[in-house]
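Chemist: Sharing model-v5.txt, compact mmCIF, C-alpha atoms:
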# COMPACT_ATOMS: atom_id res chain seq x y z
CA MET K 27 -22.15 -174.36 6.23
CA ALA K 28 -18.61 -174.03 4.87
CA LEU K 29 -16.28 -172.02 7.12
CA ASN K 30 -13.02 -170.36 6.16
CA LYS K 31 -10.00 -170.29 8.43
CA ASN K 32 -10.20 -166.58 9.22
CA ALA K 33 -13.81 -166.90 10.35
CA LEU K 34 -12.92 -169.77 12.68
CA ILE K 35 -10.08 -167.71 14.14
CA ARG K 36 -12.48 -164.83 14.80
CA TYR K 37 -15.07 -167.13 16.45
CA LYS K 38 -12.40 -168.65 18.67
CA THR K 39 -11.03 -165.21 19.57
CA ILE K 40 -14.46 -163.81 20.45
CA ASP K 41 -15.10 -166.93 22.52
CA LYS K 42 -11.87 -166.49 24.50
CA CYS K 43 -12.58 -162.82 25.09
CA LEU K 44 -16.07 -163.46 26.42
CA GLN K 45 -14.77 -166.23 28.71
CA ASN K 46 -12.53 -163.65 30.40
CA ARG K 47 -14.84 -162.20 33.07
CA TYR K 48 -12.07 -159.98 34.47
CA ARG K 49 -12.47 -157.52 31.60
CA GLN K 50 -15.38 -155.67 30.01
CA TRP K 51 -15.55 -156.15 26.23
CA THR K 52 -16.88 -153.49 23.89
CA LEU K 53 -17.41 -154.15 20.19
CA ASP K 54 -14.23 -152.18 19.44
CA ASP K 55 -12.31 -154.39 21.89
CA LEU K 56 -13.54 -157.53 20.11
CA ILE K 57 -12.62 -156.06 16.71
CA GLU K 58 -9.11 -155.27 17.98
CA ALA K 59 -8.72 -158.76 19.50
CA CYS K 60 -9.78 -160.41 16.21
CA SER K 61 -7.38 -158.22 14.25
CA ASP K 62 -4.50 -159.11 16.59
CA ALA K 63 -5.34 -162.83 16.39
CA LEU K 64 -5.43 -162.81 12.58
CA TYR K 65 -2.13 -160.89 12.51
CA GLU K 66 -0.60 -163.49 14.81
CA TYR K 67 -1.80 -166.40 12.66
CA GLU K 68 -1.16 -164.87 9.23
CA ASP K 69 1.85 -162.58 9.94
CA ARG K 70 0.09 -159.78 8.05
CA ASP K 71 -2.49 -157.09 8.74
CA ILE K 72 -6.05 -158.17 7.93
CA ASN K 73 -8.78 -155.56 8.14
CA VAL K 74 -11.64 -156.71 10.39
CA SER K 75 -14.67 -154.46 10.00
CA LYS K 76 -17.30 -153.63 12.58
CA ARG K 77 -19.91 -155.29 10.38
CA THR K 78 -17.87 -158.51 10.21
CA VAL K 79 -17.68 -158.91 13.99
CA GLN K 80 -21.36 -158.03 14.38
CA LEU K 81 -22.25 -160.79 11.89
CA ASP K 82 -19.89 -163.18 13.70
CA ILE K 83 -21.73 -162.54 16.98
CA GLN K 84 -25.09 -163.10 15.28
CA LEU K 85 -23.89 -166.39 13.78
CA MET K 86 -22.44 -167.54 17.11
CA ARG K 87 -25.79 -166.79 18.76
CA SER K 88 -27.70 -168.81 16.16
CA ASP K 89 -27.86 -172.57 15.61
CA LYS K 90 -26.41 -172.34 12.08
CA LEU K 91 -22.98 -173.23 13.43
CA GLY K 92 -24.36 -175.29 16.29
CA TYR K 93 -22.97 -172.83 18.86
CA ASN K 94 -26.17 -171.21 20.20
CA ALA K 95 -23.86 -168.93 22.19
CA PRO K 96 -25.65 -166.97 24.98
CA ILE K 97 -24.01 -163.65 24.08
CA GLU K 98 -25.69 -160.69 25.72
CA VAL K 99 -25.13 -156.93 25.80
CA TYR K 100 -25.17 -155.16 29.18
CA ARG K 101 -24.95 -151.47 30.03
CA LYS K 102 -25.75 -150.93 26.34
CA LYS K 103 -22.11 -151.37 25.25
CA TYR K 104 -20.40 -154.42 26.80
CA TYR K 105 -20.59 -158.03 25.59
CA ARG K 106 -20.43 -161.19 27.71
CA TYR K 107 -21.72 -164.75 28.00
CA ALA K 108 -24.91 -164.98 30.07
CA ASP K 109 -23.62 -168.38 31.17
CA ASP K 110 -20.21 -168.01 32.87
CA GLY K 111 -19.18 -171.55 31.97
CA PHE K 112 -20.12 -171.41 28.28
CA SER K 113 -17.59 -171.93 25.50
CA ILE K 114 -18.06 -172.88 21.86
CA THR K 115 -15.41 -175.55 22.44
CA ASN K 116 -17.85 -177.41 24.70
CA ILE K 117 -20.56 -177.99 22.09
CA PRO K 118 -21.45 -181.60 21.12
CA ILE K 119 -19.83 -183.15 18.04
CA THR K 120 -22.15 -183.28 15.00
CA GLU K 121 -22.76 -186.36 12.88
CA ASN K 122 -20.76 -184.83 10.04
CA ASP K 123 -17.89 -184.13 12.46
CA MET K 124 -18.03 -187.76 13.55
CA ASP K 125 -17.71 -188.97 9.96
CA VAL K 126 -14.70 -186.72 9.40
CA LEU K 127 -13.10 -187.90 12.67
CA SER K 128 -13.69 -191.54 11.73
CA GLU K 129 -11.95 -191.04 8.39
CA THR K 130 -9.10 -189.17 10.10
CA VAL K 131 -8.59 -191.96 12.63
CA GLU K 132 -8.47 -194.59 9.91
CA MET K 133 -5.93 -192.53 7.97
CA LEU K 134 -3.72 -191.93 11.05
CA LYS K 135 -3.75 -195.63 11.94
CA GLN K 136 -1.89 -196.32 8.70
CA PHE K 137 1.11 -194.39 9.97
CA LYS K 138 1.44 -195.92 13.45
CA ASP K 139 4.30 -198.21 12.40
CA PHE K 140 6.46 -195.40 11.01
CA SER K 141 9.06 -194.10 13.49
CA LEU K 142 8.05 -190.49 12.80
CA PHE K 143 4.55 -191.26 14.08
CA SER K 144 5.50 -193.72 16.81
CA GLU K 145 4.34 -191.38 19.58
CA LEU K 146 0.87 -191.08 18.03
CA GLY K 147 -0.24 -194.54 19.16
CA GLY K 148 -1.90 -193.51 22.40
CA ILE K 149 -3.40 -190.36 20.89
CA ILE K 150 -4.97 -192.32 18.03
CA GLN K 151 -6.46 -194.88 20.40
CA ARG K 152 -7.98 -192.15 22.58
CA LEU K 153 -9.38 -190.39 19.52
CA GLU K 154 -10.78 -193.66 18.18
CA ASP K 155 -12.39 -194.35 21.56
CA THR K 156 -14.00 -190.89 21.55
CA VAL K 157 -15.44 -191.45 18.08
CA TYR K 158 -16.70 -194.92 19.05
CA THR K 159 -18.34 -193.57 22.21
CA GLU K 160 -20.08 -190.71 20.40
CA LYS K 161 -21.28 -192.84 17.51
CA THR K 162 -22.57 -195.82 19.48
CA HIS K 163 -23.68 -193.89 22.58
CA GLN K 164 -21.97 -196.55 24.68
CA SER K 165 -19.57 -196.19 27.58
CA ALA K 166 -15.98 -195.30 26.79
CA ILE K 167 -13.42 -198.11 26.69
CA ILE K 168 -10.55 -195.80 27.67
CA HIS K 169 -10.98 -193.71 30.83
CA LEU K 170 -8.63 -190.82 31.54
CA ASP K 171 -8.24 -188.80 34.71
CA LYS K 172 -9.64 -185.31 34.23
CA ASN K 173 -10.60 -182.36 36.34
CA GLU K 174 -13.59 -180.51 34.93
CA ASN K 175 -12.98 -177.57 37.29
CA LEU K 176 -9.35 -177.05 36.25
CA LYS K 177 -8.83 -173.34 35.58
CA GLY K 178 -6.61 -171.65 33.01
CA LEU K 179 -6.92 -174.20 30.19
CA HIS K 180 -8.52 -171.60 27.92
CA TRP K 181 -5.12 -169.86 27.74
CA LEU K 182 -3.41 -172.91 26.17
CA ASP K 183 -4.09 -172.17 22.51
CA GLU K 184 -3.19 -168.49 22.75
CA LEU K 185 0.02 -169.27 24.63
CA TYR K 186 0.92 -172.01 22.14
CA ARG K 187 0.58 -169.54 19.28
CA ALA K 188 2.60 -166.89 21.12
CA ILE K 189 5.46 -169.37 21.60
CA GLN K 190 5.17 -170.54 17.99
CA LYS K 191 5.22 -166.99 16.62
CA LYS K 192 7.79 -165.75 19.19
CA VAL K 193 5.60 -162.98 20.59
CA VAL K 194 6.31 -161.20 23.90
CA LEU K 195 3.48 -161.25 26.45
CA ASP K 196 2.19 -158.88 29.10
CA ILE K 197 0.80 -161.27 31.73
CA THR K 198 -1.50 -160.19 34.54
CA TYR K 199 -0.64 -162.73 37.22
CA GLN K 200 -1.49 -163.29 40.86
CA SER K 201 0.21 -166.08 42.79
CA PHE K 202 -1.47 -167.72 45.77
CA LYS K 203 0.76 -165.69 48.10
CA ALA K 204 0.29 -162.30 46.41
CA LYS K 205 -2.32 -159.90 47.77
CA LYS K 206 -2.91 -158.29 44.38
CA PRO K 207 -2.08 -159.10 40.73
CA SER K 208 0.93 -157.71 38.89
CA ILE K 209 1.73 -157.29 35.18
CA VAL K 210 4.88 -159.04 33.95
CA LYS K 211 6.52 -158.69 30.53
CA PHE K 212 7.38 -162.24 29.58
CA HIS K 213 9.14 -164.15 26.79
CA PRO K 214 7.35 -167.54 26.53
CA TYR K 215 9.36 -170.67 25.65
CA LEU K 216 7.43 -173.74 26.74
CA LEU K 217 4.12 -175.16 27.98
CA LYS K 218 4.60 -177.89 30.59
CA GLU K 219 2.08 -180.16 32.31
CA PHE K 220 2.77 -181.68 35.73
CA ASN K 221 0.37 -183.43 38.08
CA ASN K 222 -2.66 -182.41 36.01
CA ARG K 223 -1.67 -178.72 36.15
CA TRP K 224 -0.29 -176.58 33.30
CA PHE K 225 2.61 -174.12 33.49
CA LEU K 226 4.07 -171.52 31.15
CA ILE K 227 7.87 -171.47 31.15
CA GLY K 228 9.89 -168.55 29.83
CA ALA K 229 12.22 -165.66 30.56
CA ASN K 230 11.70 -162.34 32.27
CA HIS K 231 12.01 -159.16 30.21
CA LYS K 232 15.80 -159.10 30.46
CA GLY K 233 15.83 -162.66 29.12
CA LYS K 234 18.19 -163.93 31.83
CA VAL K 235 15.95 -165.49 34.50
CA ILE K 236 13.76 -168.50 33.68
CA LEU K 237 10.37 -168.33 35.40
CA ASN K 238 7.25 -170.48 35.48
CA PHE K 239 3.64 -169.31 35.71
CA ALA K 240 0.73 -171.59 36.57
CA LEU K 241 -1.99 -171.10 33.96
CA ASP K 242 -4.69 -171.14 36.62
CA ARG K 243 -3.21 -167.99 38.19
CA ILE K 244 -3.12 -165.98 34.94
CA LEU K 245 -5.85 -163.33 34.96
CA ALA K 246 -5.23 -161.68 31.59
CA LEU K 247 -2.93 -161.77 28.56
CA ASP K 248 -1.87 -159.09 26.10
CA LEU K 249 0.37 -159.56 23.07
CA ASP K 250 3.28 -157.12 22.74
CA PHE K 251 4.29 -156.94 19.07
CA GLN K 252 6.57 -153.95 19.66
CA THR K 253 9.10 -155.61 21.97
CA ASP K 254 11.78 -157.84 20.42
CA TYR K 255 11.48 -161.47 21.47
CA ALA K 256 14.50 -162.84 23.40
CA VAL K 257 15.16 -166.21 21.75
CA GLY K 258 17.90 -167.30 24.17
CA ASN K 259 19.29 -170.83 24.28
CA PHE K 260 16.61 -172.50 26.44
CA ASP K 261 16.54 -176.30 26.14
CA ALA K 262 13.69 -177.95 28.06
CA ASP K 263 15.26 -181.42 28.23
CA THR K 264 18.46 -180.04 29.75
CA PHE K 265 16.66 -177.57 32.03
CA TYR K 266 14.43 -180.26 33.58
CA MET K 267 16.89 -183.15 33.44
CA ASP K 268 17.52 -183.24 37.22
CA VAL K 269 14.08 -182.12 38.38
CA VAL K 270 10.82 -183.63 39.59
CA GLY K 271 8.03 -181.22 38.66
CA VAL K 272 8.55 -177.63 37.47
CA THR K 273 10.52 -175.89 40.24
CA VAL K 274 14.16 -175.51 39.19
CA ASN K 275 16.59 -174.00 41.70
CA ARG K 276 20.28 -173.18 41.32
CA GLU K 277 21.48 -176.00 43.55
CA ARG K 278 23.47 -178.91 42.20
CA PRO K 279 21.66 -182.26 41.93
CA SER K 280 21.89 -184.42 45.06
CA VAL K 281 22.03 -188.19 45.39
CA VAL K 282 18.77 -189.09 47.13
CA LYS K 283 18.58 -192.59 48.59
CA VAL K 284 15.26 -194.05 49.75
CA TRP K 285 13.99 -197.33 51.17
CA VAL K 286 10.70 -198.69 49.80
CA ASP K 287 8.74 -201.47 51.49
CA LYS K 288 7.82 -204.80 49.90
CA GLY K 289 4.29 -203.80 48.96
CA ASN K 290 5.33 -200.69 47.01
CA ALA K 291 8.65 -201.91 45.58
CA PRO K 292 7.11 -203.34 42.37
CA TYR K 293 5.33 -200.04 41.66
CA VAL K 294 8.50 -197.99 42.13
CA VAL K 295 10.48 -200.39 39.92
CA THR K 296 7.92 -200.37 37.09
CA LYS K 297 7.15 -196.65 37.40
CA PRO K 298 10.39 -194.92 38.48
CA LEU K 299 10.22 -191.82 40.65
CA HIS K 300 12.63 -190.14 38.21
CA HIS K 301 14.49 -191.22 35.08
CA SER K 302 17.76 -191.26 37.08
CA GLN K 303 16.40 -193.92 39.46
CA ARG K 304 18.65 -196.92 40.14
CA VAL K 305 17.92 -199.94 42.34
CA VAL K 306 21.01 -200.29 44.55
CA LYS K 307 19.83 -202.98 46.96
CA GLU K 308 17.20 -205.72 47.09
CA ASN K 309 16.56 -206.86 50.65
CA GLU K 310 15.54 -210.38 51.73
CA ASP K 311 12.15 -209.11 53.00
CA GLY K 312 11.27 -207.84 49.49
CA SER K 313 11.96 -204.18 50.20
CA ILE K 314 14.39 -202.23 48.03
CA GLU K 315 16.70 -199.22 48.20
CA VAL K 316 16.92 -196.87 45.22
CA THR K 317 18.88 -193.73 44.42
CA LEU K 318 17.87 -190.65 42.44
CA LEU K 319 20.06 -187.84 41.13
CA VAL K 320 17.81 -184.79 41.50
CA LYS K 321 17.59 -181.25 42.76
CA LEU K 322 15.78 -180.94 46.08
CA ASN K 323 12.50 -179.08 45.59
CA TYR K 324 8.90 -178.88 46.79
CA GLU K 325 7.56 -181.34 44.21
CA LEU K 326 10.11 -183.99 45.18
CA GLU K 327 9.07 -183.70 48.84
CA ARG K 328 5.39 -184.01 47.88
CA LEU K 329 6.15 -187.12 45.85
CA LEU K 330 8.07 -188.81 48.67
CA LEU K 331 5.53 -187.83 51.34
CA GLY K 332 2.81 -189.39 49.21
CA PHE K 333 4.14 -192.85 50.03
CA GLY K 334 3.60 -192.33 53.76
CA GLU K 335 5.03 -195.15 55.90
CA ALA K 336 5.94 -197.18 52.79
CA LEU K 337 9.02 -195.05 52.04
CA GLU K 338 11.93 -193.77 54.12
CA VAL K 339 14.46 -191.17 53.01
CA LEU K 340 17.94 -192.46 53.94
CA LYS K 341 19.97 -189.56 52.57
CA PRO K 342 20.82 -186.72 52.22
CA GLU K 343 20.38 -185.85 55.86
CA ARG K 344 18.85 -182.40 55.23
CA LEU K 345 16.08 -183.92 53.09
CA ARG K 346 15.54 -186.68 55.67
CA LYS K 347 15.21 -183.98 58.36
CA ARG K 348 12.69 -181.96 56.32
CA ILE K 349 10.55 -185.05 55.69
CA ARG K 350 10.74 -185.97 59.38
CA ILE K 351 9.58 -182.48 60.43
CA LYS K 352 6.62 -182.62 58.04
CA LEU K 353 5.63 -186.11 59.22
CA ASN K 354 5.89 -185.02 62.85
CA ARG K 355 3.59 -182.08 62.15
CA ALA K 356 1.16 -184.37 60.34
CA ALA K 357 1.18 -186.87 63.21
CA THR K 358 0.62 -184.04 65.70
CA ARG K 359 -2.62 -183.17 63.94
CA TYR K 360 -3.80 -186.68 64.80
CA GLY K 361 -2.85 -186.25 68.46
CA GLU K 362 0.60 -187.77 68.74
CA ASP K 363 4.22 -187.17 67.80
CA LEU K 364 6.66 -189.49 66.07
CA PRO K 365 9.43 -191.06 68.21
How would this structure read if it were set down as C-alpha cells?

Modeler:
Amino acid sequence: MALNKNALIRYKTIDKCLQNRYRQWTLDDLIEACSDALYEYEDRDINVSKRTVQLDIQLMRSDKLGYNAPIEVYRKKYYRYADDGFSITNIPITENDMDVLSETVEMLKQFKDFSLFSELGGIIQRLEDTVYTEKTHQSAIIHLDKNENLKGLHWLDELYRAIQKKVVLDITYQSFKAKKPSIVKFHPYLLKEFNNRWFLIGANHKGKVILNFALDRILALDLDFQTDYAVGNFDADTFYMDVVGVTVNRERPSVVKVWVDKGNAPYVVTKPLHHSQRVVKENEDGSIEVTLLVKLNYELERLLLGFGEALEVLKPERLRKRIRIKLNRAATRYGEDLP
C-alpha cells in the first residue's frame, strides 16, 4: 500500500500520543495533535478531519500496514494502547523494506570516500549489518551496547523537529530530587547523548540561562507556537569544550593531573579521558601521568572513580580530597577505612 508523507506523520503522531500514559487522549485530542504535527512539518495549516483520524486508527489496528496496533477505547471516549510497551516503530521489517534498505546501503557505500560523507562509514556498516542479519536470519556481525529499558527515547523525533523548526516548548519535567513535576517554558537548542543517556539542551524562557533536561525525566511536551523563539548565540562545541559529560558550571577550567597504573595506561592513551589530555610523564614501571584541562563536575568524578585503585588524582587538591572522601565512604561500606 502506497503511503503519503502526511499519512505517515499522522500515524507517527498518534503512536506517540498513545505511548504517553500520563495523559488521556480523546479523538479531538488526537486530531489536534495531528494538526499541530503537520503544521510543524509543513509550516502551513492542514485541515485534519475527524473522519481522517478515525480511518487512521482503523488502518493502524489492521494488518494492511503491518502495524496491528492494539488501540482500544476505554470509558467510551479515551484511546490508548492495550499493551503499554507497544509502538509502531517496533514492528518487524518487511521483505519489501529489506529490498529498499539493501539498495539504499549499496547507494550510500558509493559516497564513503567523499569528504562530505566521511562520517557515514560507521553508520553504513551498522545499517548493512542490520540488513544482512534480517535477510539471512543469522547472528549480527556488529554488536552495539543498548538498553532496551531506556526511557524517554520516544521524545527524540519530536524534540529534533522542534529544534529544527525553532519552536518553543512547554515541558512537564520532574527531576529525581523533585517531589512533583513542574512545567517549564523552554527554548531547545541541542540533543546530546552521554553515557547511553539523552539530554535536551536549551535556554530558559528569558533566553539567558542554559539548562539541560534528561529525556527520561520528561513527562509531557507541548508546542508553543505563540511565543517567539530565542535564537541566541549558543555554540555546542564551545559550550562543551572544557567539560566531561553534560553538566556545565561557571567555574574556570582546572588543570587535573592523574596517575594511571601500568595495566590501564594503554587504554587511557588510546582512548583519552578528554580531548585536552596530555601525557606528561612515563614512569619506569609502565605507569603514566596525564593532565586534563576541564571544569570540575559530577561526571568527571564518576569517570575517575570508575578506575578504582588504577588511578590516583594528583591535583588539584580539592578534587583529590573529594575523591578521597568518596573512596573512604565506599571502603567503609566494606568494613574498613582507607589510611

Chemist: Identify which of the residues K:Ile35, K:Leu337, K:Leu345, K:Ile72 lies closest to Asp183 (chain K), counting all atoms listed in the file when measuring atom-to-atom distances.

Modeler: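 Ranked by minimum distance to Asp183 (chain K), first place goes to K:Ile35.
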
Chemist: List the spatial neighbours of region 233-240 of chain K as a short mmCIF file (atom, residue, chain, number, x, y, z; two decimals) with C-alpha atoms, keeping the file's coordinate frame - criterion: any atom at most 9 Å away, all atoms listed in the file, same-chain residues fewer than 3 positions off excluded.

Modeler:
data_model
loop_
_atom_site.label_atom_id
_atom_site.label_comp_id
_atom_site.auth_asym_id
_atom_site.auth_seq_id
_atom_site.Cartn_x
_atom_site.Cartn_y
_atom_site.Cartn_z
CA GLY K 178 -6.61 -171.65 33.01
CA TYR K 199 -0.64 -162.73 37.22
CA SER K 201 0.21 -166.08 42.79
CA PHE K 212 7.38 -162.24 29.58
CA HIS K 213 9.14 -164.15 26.79
CA ARG K 223 -1.67 -178.72 36.15
CA TRP K 224 -0.29 -176.58 33.30
CA PHE K 225 2.61 -174.12 33.49
CA LEU K 226 4.07 -171.52 31.15
CA ILE K 227 7.87 -171.47 31.15
CA GLY K 228 9.89 -168.55 29.83
CA ALA K 229 12.22 -165.66 30.56
CA ASN K 230 11.70 -162.34 32.27
CA ARG K 243 -3.21 -167.99 38.19
CA ILE K 244 -3.12 -165.98 34.94
CA TYR K 255 11.48 -161.47 21.47
CA ALA K 256 14.50 -162.84 23.40
CA VAL K 257 15.16 -166.21 21.75
CA GLY K 258 17.90 -167.30 24.17
CA PHE K 260 16.61 -172.50 26.44
CA VAL K 272 8.55 -177.63 37.47
CA THR K 273 10.52 -175.89 40.24
CA VAL K 274 14.16 -175.51 39.19
#

Chemist: Would you mind listing what lies within 9 Å of Asp82 (chain K) as a ChimeraX atom specification, with only C-alpha atoms counted and same-chain residues fewer than 4 positions away left out?

Modeler: /K:33,36-37,40,77-78,86-87

Chemist: With all atoms listed in the file as the atoms that count, which of K:Leu217, K:Ile189, K:Val157, K:Leu85 lies nearest to Asn122 (chain K)?

Modeler: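 Nearest to Asn122 (chain K): K:Val157.
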
Chemist: Tell me which of K:Lys341, K:Asn221, K:Asn323, K:Val79 sits closest to Asn275 (chain K), counting only C-alpha atoms.

Modeler: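 Between K:Lys341, K:Asn221, K:Asn323, K:Val79, the residue approaching Asn275 (chain K) most closely is K:Asn323.
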
Chemist: In Å, with one decimal, what is the gap from CA of His169 (chain K) to CA of Ile150 (chain K)?

Modeler: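 CA of His169 (chain K) sits 14.2 Å away from CA of Ile150 (chain K).
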
Chemist: Select all residues near (-12.6, -153.9, 9.1) (cut-off 12 Å, inclusive, file coordinates), counting all atoms listed in the file, and output them as a PyMOL selection string.

Modeler: chain K and resi 54+56-58+60-61+64+71-80

Chemist: Write out, as an mmCIF file, in the coordinates of the input, the residues just selected, with C-alpha atoms.

Modeler:
data_model
loop_
_atom_site.group_PDB
_atom_site.id
_atom_site.type_symbol
_atom_site.label_atom_id
_atom_site.label_comp_id
_atom_site.auth_asym_id
_atom_site.auth_seq_id
_atom_site.Cartn_x
_atom_site.Cartn_y
_atom_site.Cartn_z
ATOM 1 C CA ASP K 54 -14.230 -152.180 19.440
ATOM 2 C CA LEU K 56 -13.540 -157.530 20.110
ATOM 3 C CA ILE K 57 -12.620 -156.060 16.710
ATOM 4 C CA GLU K 58 -9.110 -155.270 17.980
ATOM 5 C CA CYS K 60 -9.780 -160.410 16.210
ATOM 6 C CA SER K 61 -7.380 -158.220 14.250
ATOM 7 C CA LEU K 64 -5.430 -162.810 12.580
ATOM 8 C CA ASP K 71 -2.490 -157.090 8.740
ATOM 9 C CA ILE K 72 -6.050 -158.170 7.930
ATOM 10 C CA ASN K 73 -8.780 -155.560 8.140
ATOM 11 C CA VAL K 74 -11.640 -156.710 10.390
ATOM 12 C CA SER K 75 -14.670 -154.460 10.000
ATOM 13 C CA LYS K 76 -17.300 -153.630 12.580
ATOM 14 C CA ARG K 77 -19.910 -155.290 10.380
ATOM 15 C CA THR K 78 -17.870 -158.510 10.210
ATOM 16 C CA VAL K 79 -17.680 -158.910 13.990
ATOM 17 C CA GLN K 80 -21.360 -158.030 14.380
#
